[in-house]
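Shown here: structure_20.txt, compact mmCIF, C-alpha atoms and all ligand atoms.
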# COMPACT_ATOMS: atom_id res chain seq x y z
CA MET A 258 48.01 133.32 104.56
CA SER A 259 45.29 134.35 102.08
CA LYS A 260 41.74 134.54 103.39
CA LYS A 261 38.85 133.07 101.44
CA ASN A 262 37.58 136.34 100.02
CA ASP A 263 41.03 137.74 99.20
CA LYS A 264 41.03 137.92 95.43
CA LEU A 265 44.16 139.83 94.46
CA GLU A 266 47.34 140.37 96.41
CA ALA A 267 50.70 141.97 95.87
CA LEU A 268 53.56 140.86 98.11
CA ASP A 269 56.71 142.99 98.21
CA LEU A 270 56.17 143.87 94.60
CA ASN A 271 58.83 145.90 92.79
CA ALA A 272 58.61 146.83 89.14
CA TYR A 273 61.26 148.31 86.88
CA TYR A 274 61.40 149.83 83.42
CA GLY A 275 65.09 149.21 82.73
CA ASP A 276 66.91 151.05 85.56
CA PHE A 277 63.83 153.02 86.57
CA HIS A 278 62.24 151.69 89.76
CA ALA A 279 58.53 152.31 89.04
CA LEU A 280 56.88 150.38 91.90
CA LYS A 281 58.56 150.10 95.28
CA GLY A 282 57.79 147.27 97.68
CA ILE A 283 54.01 147.24 97.24
CA ASN A 284 51.91 145.12 99.62
CA ILE A 285 48.15 145.07 99.24
CA VAL A 286 45.23 142.65 99.53
CA MET A 287 42.07 143.28 97.53
CA GLU A 288 38.77 141.66 98.40
CA GLU A 289 36.59 139.66 96.09
CA LYS A 290 33.52 141.39 94.63
CA ALA A 291 34.54 144.83 95.79
CA VAL A 292 35.74 147.91 93.95
CA THR A 293 39.25 149.18 94.70
CA ALA A 294 40.30 152.57 93.35
CA PHE A 295 43.92 153.54 92.68
CA ILE A 296 44.51 157.26 93.02
CA GLY A 297 47.60 159.47 92.97
CA PRO A 298 49.34 162.12 90.89
CA SER A 299 50.38 161.51 87.31
CA GLY A 300 53.34 159.15 86.94
CA CYS A 301 53.07 157.61 90.44
CA GLY A 302 52.67 154.08 89.05
CA LYS A 303 48.91 153.45 89.14
CA SER A 304 48.66 152.10 85.58
CA THR A 305 51.88 150.14 85.90
CA PHE A 306 50.52 148.46 89.00
CA LEU A 307 47.10 147.81 87.43
CA ARG A 308 48.76 146.16 84.45
CA THR A 309 50.74 143.75 86.62
CA PHE A 310 47.46 141.94 87.40
CA ASN A 311 47.01 140.70 83.84
CA ARG A 312 50.70 140.89 82.89
CA MET A 313 50.05 143.54 80.33
CA ASN A 314 53.49 145.02 81.01
CA ASP A 315 55.16 141.84 79.73
CA TYR A 316 55.14 143.39 76.26
CA ILE A 317 57.33 146.32 77.30
CA ASP A 318 61.05 145.92 76.63
CA GLY A 319 63.12 146.15 79.80
CA PHE A 320 60.14 145.74 82.14
CA ARG A 321 60.55 143.35 85.04
CA VAL A 322 58.99 142.63 88.41
CA ASP A 323 60.12 140.95 91.58
CA GLY A 324 57.91 139.93 94.47
CA GLN A 325 54.55 138.27 93.91
CA ILE A 326 51.13 138.97 92.48
CA LEU A 327 48.55 136.46 93.66
CA LEU A 328 45.21 135.78 92.01
CA ASP A 329 43.09 133.49 94.19
CA GLY A 330 46.29 132.69 96.09
CA ARG A 331 48.26 131.69 92.99
CA ASP A 332 51.36 133.58 91.83
CA ILE A 333 50.59 134.74 88.28
CA TYR A 334 54.25 135.39 87.44
CA GLN A 335 55.19 131.71 87.89
CA LYS A 336 56.58 130.06 84.77
CA ASP A 337 53.73 127.58 84.44
CA VAL A 338 51.06 130.28 84.23
CA ARG A 339 49.57 130.65 80.75
CA VAL A 340 49.08 134.32 80.06
CA ASP A 341 46.15 133.70 77.67
CA GLU A 342 44.37 131.78 80.45
CA LEU A 343 45.19 134.53 82.94
CA ARG A 344 43.65 137.17 80.66
CA LYS A 345 40.41 135.18 80.43
CA GLU A 346 40.21 135.48 84.18
CA VAL A 347 41.36 139.11 84.37
CA GLY A 348 39.66 141.36 81.82
CA MET A 349 40.66 144.93 81.05
CA VAL A 350 39.02 148.13 79.89
CA PHE A 351 41.15 151.04 78.73
CA GLN A 352 40.95 154.82 78.95
CA LYS A 353 39.84 155.37 75.39
CA PRO A 354 37.05 153.15 74.10
CA ASN A 355 38.73 150.84 71.59
CA PRO A 356 36.06 148.85 69.73
CA PHE A 357 37.20 146.94 66.67
CA PRO A 358 36.00 148.22 63.26
CA LYS A 359 33.39 145.47 63.18
CA SER A 360 29.72 145.15 64.03
CA ILE A 361 28.46 145.51 67.59
CA PHE A 362 27.76 141.76 67.68
CA GLU A 363 31.20 140.80 66.38
CA ASN A 364 32.84 143.03 68.96
CA VAL A 365 31.08 141.35 71.87
CA VAL A 366 31.69 137.78 70.73
CA TYR A 367 35.25 138.40 69.56
CA GLY A 368 36.94 136.66 72.51
CA LEU A 369 34.55 133.71 72.35
CA LYS A 370 35.25 133.18 68.66
CA ILE A 371 38.97 133.22 69.37
CA GLN A 372 38.32 130.47 71.89
CA GLY A 373 36.79 128.46 69.04
CA ILE A 374 33.12 128.89 69.94
CA LYS A 375 31.19 128.92 66.66
CA LYS A 376 27.63 127.93 67.48
CA LYS A 377 25.36 130.83 66.59
CA SER A 378 22.86 130.30 69.40
CA VAL A 379 25.65 130.22 72.01
CA LEU A 380 27.22 133.40 70.62
CA GLU A 381 23.85 135.16 70.46
CA GLU A 382 23.01 134.29 74.01
CA ALA A 383 26.42 135.36 75.26
CA ALA A 384 26.16 138.64 73.34
CA GLU A 385 22.76 139.45 74.82
CA GLN A 386 23.82 138.56 78.33
CA SER A 387 27.04 140.59 78.15
CA LEU A 388 25.31 143.60 76.61
CA ARG A 389 22.62 143.46 79.30
CA HIS A 390 25.31 143.22 81.97
CA ALA A 391 27.03 146.25 80.49
CA ALA A 392 23.71 148.18 80.48
CA LEU A 393 23.81 148.58 76.70
CA TRP A 394 21.34 145.97 75.43
CA GLU A 395 18.27 148.20 75.22
CA GLU A 396 20.16 150.78 73.18
CA VAL A 397 21.65 148.38 70.63
CA LYS A 398 19.42 145.30 70.44
CA ASP A 399 17.92 146.39 67.09
CA LYS A 400 21.23 147.22 65.44
CA LEU A 401 23.63 144.48 66.44
CA ASP A 402 24.87 144.19 62.86
CA LYS A 403 25.74 147.90 62.63
CA SER A 404 29.29 149.17 63.03
CA ALA A 405 30.47 149.65 66.60
CA LEU A 406 32.23 152.79 65.44
CA ALA A 407 28.85 154.47 64.87
CA LEU A 408 28.09 154.36 68.61
CA SER A 409 28.70 157.32 70.91
CA GLY A 410 31.89 157.35 73.01
CA GLY A 411 29.98 156.31 76.13
CA GLN A 412 28.21 153.49 74.28
CA GLN A 413 31.54 152.37 72.81
CA GLN A 414 33.01 152.17 76.29
CA ARG A 415 30.07 150.08 77.54
CA LEU A 416 30.54 147.88 74.46
CA CYS A 417 34.19 147.39 75.45
CA ILE A 418 33.00 146.42 78.92
CA ALA A 419 30.53 143.94 77.35
CA ARG A 420 33.38 142.53 75.23
CA ALA A 421 35.47 142.06 78.36
CA LEU A 422 32.57 140.42 80.25
CA ALA A 423 31.72 138.01 77.41
CA ILE A 424 34.69 135.78 78.24
CA SER A 425 33.51 135.49 81.87
CA PRO A 426 36.40 136.99 83.80
CA SER A 427 36.26 137.21 87.58
CA VAL A 428 38.33 140.40 87.71
CA LEU A 429 37.86 143.57 85.70
CA LEU A 430 40.71 146.09 85.50
CA MET A 431 39.65 149.57 84.43
CA ASP A 432 42.24 152.21 83.56
CA GLU A 433 40.50 155.58 83.79
CA PRO A 434 37.46 154.16 81.98
CA ALA A 435 35.45 157.39 82.01
CA SER A 436 38.11 160.05 81.54
CA ALA A 437 37.36 160.44 77.81
CA LEU A 438 33.58 160.64 78.35
CA ASP A 439 30.99 163.37 78.91
CA PRO A 440 29.35 163.70 82.36
CA ILE A 441 26.21 161.70 81.45
CA SER A 442 28.21 158.80 79.99
CA THR A 443 30.52 158.99 82.99
CA ALA A 444 27.55 158.67 85.35
CA LYS A 445 26.36 155.62 83.40
CA ILE A 446 29.77 153.96 83.67
CA GLU A 447 29.85 154.70 87.40
CA GLU A 448 26.39 153.15 87.90
CA LEU A 449 27.51 150.18 85.90
CA ILE A 450 30.63 149.70 88.04
CA TYR A 451 28.44 149.81 91.10
CA ASP A 452 26.21 147.04 89.69
CA LEU A 453 29.05 144.92 88.35
CA LYS A 454 30.68 144.49 91.72
CA ASN A 455 27.91 142.02 92.61
CA ASP A 456 29.62 139.61 90.24
CA TYR A 457 33.16 140.86 89.65
CA THR A 458 36.19 142.10 91.51
CA ILE A 459 36.94 145.52 90.09
CA VAL A 460 40.10 147.61 90.20
CA ILE A 461 39.86 151.10 88.76
CA VAL A 462 42.49 153.75 88.18
CA THR A 463 41.04 157.23 88.37
CA HIS A 464 42.28 160.80 88.54
CA ASN A 465 38.89 161.87 89.71
CA MET A 466 38.63 161.74 93.46
CA GLN A 467 34.89 162.30 93.50
CA GLN A 468 34.62 159.28 91.25
CA ALA A 469 36.79 157.18 93.57
CA GLY A 470 34.55 158.33 96.42
CA ARG A 471 31.38 157.37 94.56
CA VAL A 472 32.29 153.98 93.14
CA SER A 473 34.90 152.34 95.33
CA ASP A 474 34.85 150.40 98.58
CA HIS A 475 38.57 150.74 99.15
CA THR A 476 41.07 153.29 97.92
CA ALA A 477 44.83 153.01 97.50
CA PHE A 478 46.88 156.21 97.28
CA PHE A 479 50.15 155.96 95.37
CA TYR A 480 52.97 158.49 95.35
CA MET A 481 56.23 158.15 93.43
CA GLY A 482 55.97 154.40 93.09
CA GLU A 483 54.99 153.77 96.70
CA LEU A 484 51.67 152.72 98.13
CA VAL A 485 51.31 155.42 100.75
CA GLU A 486 47.92 154.51 102.18
CA TYR A 487 45.21 151.94 101.63
CA ASN A 488 41.93 151.98 103.45
CA LYS A 489 38.17 151.96 103.22
CA THR A 490 37.27 154.76 100.82
CA LYS A 491 35.16 156.56 103.40
CA THR A 492 37.96 156.55 105.96
CA MET A 493 40.51 157.57 103.36
CA PHE A 494 38.55 160.66 102.36
CA THR A 495 37.41 161.70 105.82
CA SER A 496 40.38 160.88 108.02
CA PRO A 497 43.51 159.93 106.09
CA LYS A 498 46.39 158.79 108.27
CA GLU A 499 49.25 160.12 106.17
CA GLU A 500 50.03 163.76 105.54
CA ARG A 501 50.82 163.03 101.87
CA THR A 502 47.34 161.53 101.40
CA GLN A 503 45.75 164.52 103.12
CA ASN A 504 47.68 166.91 100.87
CA TYR A 505 46.66 165.05 97.74
CA ILE A 506 42.97 164.69 98.50
CA THR A 507 42.70 168.30 99.50
CA GLY A 508 44.26 169.30 96.20
CA ARG A 509 47.56 170.61 97.56
CA PHE A 510 49.49 168.70 94.92
CA GLY A 511 48.89 166.44 91.94
N1 LIG B 601 56.73 151.91 78.84
C1 LIG B 601 57.42 152.62 79.76
N2 LIG B 601 58.75 152.74 79.67
C2 LIG B 601 59.46 153.44 80.58
N3 LIG B 601 58.90 154.08 81.65
C3 LIG B 601 57.58 154.00 81.77
C4 LIG B 601 56.75 153.27 80.84
N4 LIG B 601 55.46 153.38 81.25
C5 LIG B 601 55.48 154.13 82.37
N5 LIG B 601 56.73 154.51 82.69
C6 LIG B 601 57.15 155.34 83.84
O1 LIG B 601 56.72 154.72 85.03
C7 LIG B 601 56.19 155.68 85.95
C8 LIG B 601 54.79 155.28 86.31
O2 LIG B 601 53.94 155.40 85.15
P1 LIG B 601 52.41 155.02 85.19
O3 LIG B 601 51.87 155.20 83.81
O4 LIG B 601 52.25 153.71 85.86
O5 LIG B 601 51.84 156.16 86.15
P2 LIG B 601 50.34 156.61 86.43
O6 LIG B 601 50.29 156.89 87.88
O7 LIG B 601 49.41 155.63 85.87
O8 LIG B 601 50.28 157.97 85.61
P3 LIG B 601 49.04 158.68 84.87
O9 LIG B 601 48.10 159.02 85.96
O10 LIG B 601 49.67 159.89 84.26
O11 LIG B 601 48.50 157.71 83.88
C9 LIG B 601 56.29 157.03 85.26
O12 LIG B 601 57.45 157.69 85.71
C10 LIG B 601 56.44 156.69 83.79
O13 LIG B 601 57.20 157.65 83.11
Please rewrite the model in this file as structure tokens.
Amino acid sequence: MSKKNDKLEALDLNAYYGDFHALKGINIVMEEKAVTAFIGPSGCGKSTFLRTFNRMNDYIDGFRVDGQILLDGRDIYQKDVRVDELRKEVGMVFQKPNPFPKSIFENVVYGLKIQGIKKKSVLEEAAEQSLRHAALWEEVKDKLDKSALALSGGQQQRLCIARALAISPSVLLMDEPASALDPISTAKIEELIYDLKNDYTIVIVTHNMQQAGRVSDHTAFFYMGELVEYNKTKTMFTSPKEERTQNYITGRFG
């Protein structure tokens, strides 16, 4: 039975790329308005698992899942679920900032325009609010009509976060959102994640264990397609239960 503040759940989830069994019997419950970090060595299935929450893997030939993924208690792999509606609810930010070759303003309001919203005042208000939420407003408010590609990498990533927030999701998936950024931009993204969890449920894949320690409330450690351990971040990093977790966080493999 789901509890009221359980936002995302996986129940006996298996995922396959053709014959390759990429995720093995995953069970996890993630709380609303908290940050959950996925850690683990390269190829252990973190991104695959992250992408099951907005069905991003549907595009990959030969990919299939069994088991369930629940968002607010509802199985998102049911036939009647509209994937475009799902993606309004579950936004995503990728490893490399990927703004469109358009103005800053057009980037932020892109999703709203696709939804058919045309009124200038509505778009302007949404743009300002999303850019403020993404801690970018002060830096760009005087150049909204300038190309997004002229921004720094860190600003571009915050712009992509603003673009994701503009369509009012309740969940934000972040796949190594700071790994292509310098330390100052990384710190800004981490601060932002910390602030955003007041309003959003955030799931972040990271290779950086210090980062997981700084930004997340809960951490899930994956190894070869299995969820080995899932706990409060503090507990996970101070007294892991499993030897494999201990070996990974102390740098013995990965
Ligand atoms: N499109 C695909 N087709 C076939 N196999 C894939 C595909 N994407 C991922 N895999 C395989 O699934 C496994 C899990 O990959 P995934 O990208 O989820 O791992 P990860 O933990 O996110 O790795 P990394 O930290 O390197 O990004 C790997 O063995 C990978 O080779």
| field | At most 10 Å from ligand LIG 601 (chain B) (all atoms listed in the file): residue list as a PyMOL selection string | value | chain A and resi 272-280+295-308+314+316-320+352+432-433+462-464+479-482+511
| field | Residue nearest Tyr334 (chain A) among A:Ile361, A:Ile418, A:Ala267, A:Ala291 (counting all atoms listed in the file) | value |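 Looking only at the distances to Tyr334 (chain A), the closest residue turns out to be A:Ala267.
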| request: May I ask which of the residues A:Met349, A:Ala391, A:Ile459, A:Ala421 is the closest one to Tyr367 (chain A), counting only C-alpha atoms? | output: A:Ala421
| query | Excluding same-chain residues fewer than 3 positions from Lys359 (chain A), what lies within 9 Å of it counting only C-alpha atoms, as an NGL selection string? | reply | :A and (356 or 362-364 or 402-406)
| query | Can you tell me how far CA of Glu448 (chain A) sits from CA of Phe478 (chain A), in Å to one decimal? | reply | 22.7 Å
| Gap from CA of Asn311 (chain A) to CA of Glu342 (chain A) - Å, one decimal | 9.9 Å
| request: Go ahead and compute the interatomic distance for CA of Gln372 (chain A) and CA of Val347 (chain A), in Å to one decimal. | output: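 Distance reported for this atom pair: 15.5 Å.
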| message | Just checking: using only C-alpha atoms, which residue out of A:Leu484, A:Ala384, A:Leu369, A:Ile461 ends up closest to Val428 (chain A)? | response |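 Nearest candidate to Val428 (chain A) out of A:Leu484, A:Ala384, A:Leu369, A:Ile461: A:Ile461.
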| Any idea what's packed within 9 Å of Phe351 (chain A), counting all atoms listed in the file, ignoring anything in its chain fewer than 4 positions away? Could you give it as a list in words? |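 Surrounding residues, per the criterion: Asn355, Gln414, Cys417, Leu430, Met431, Asp432, Glu433 and Pro434 of chain A.
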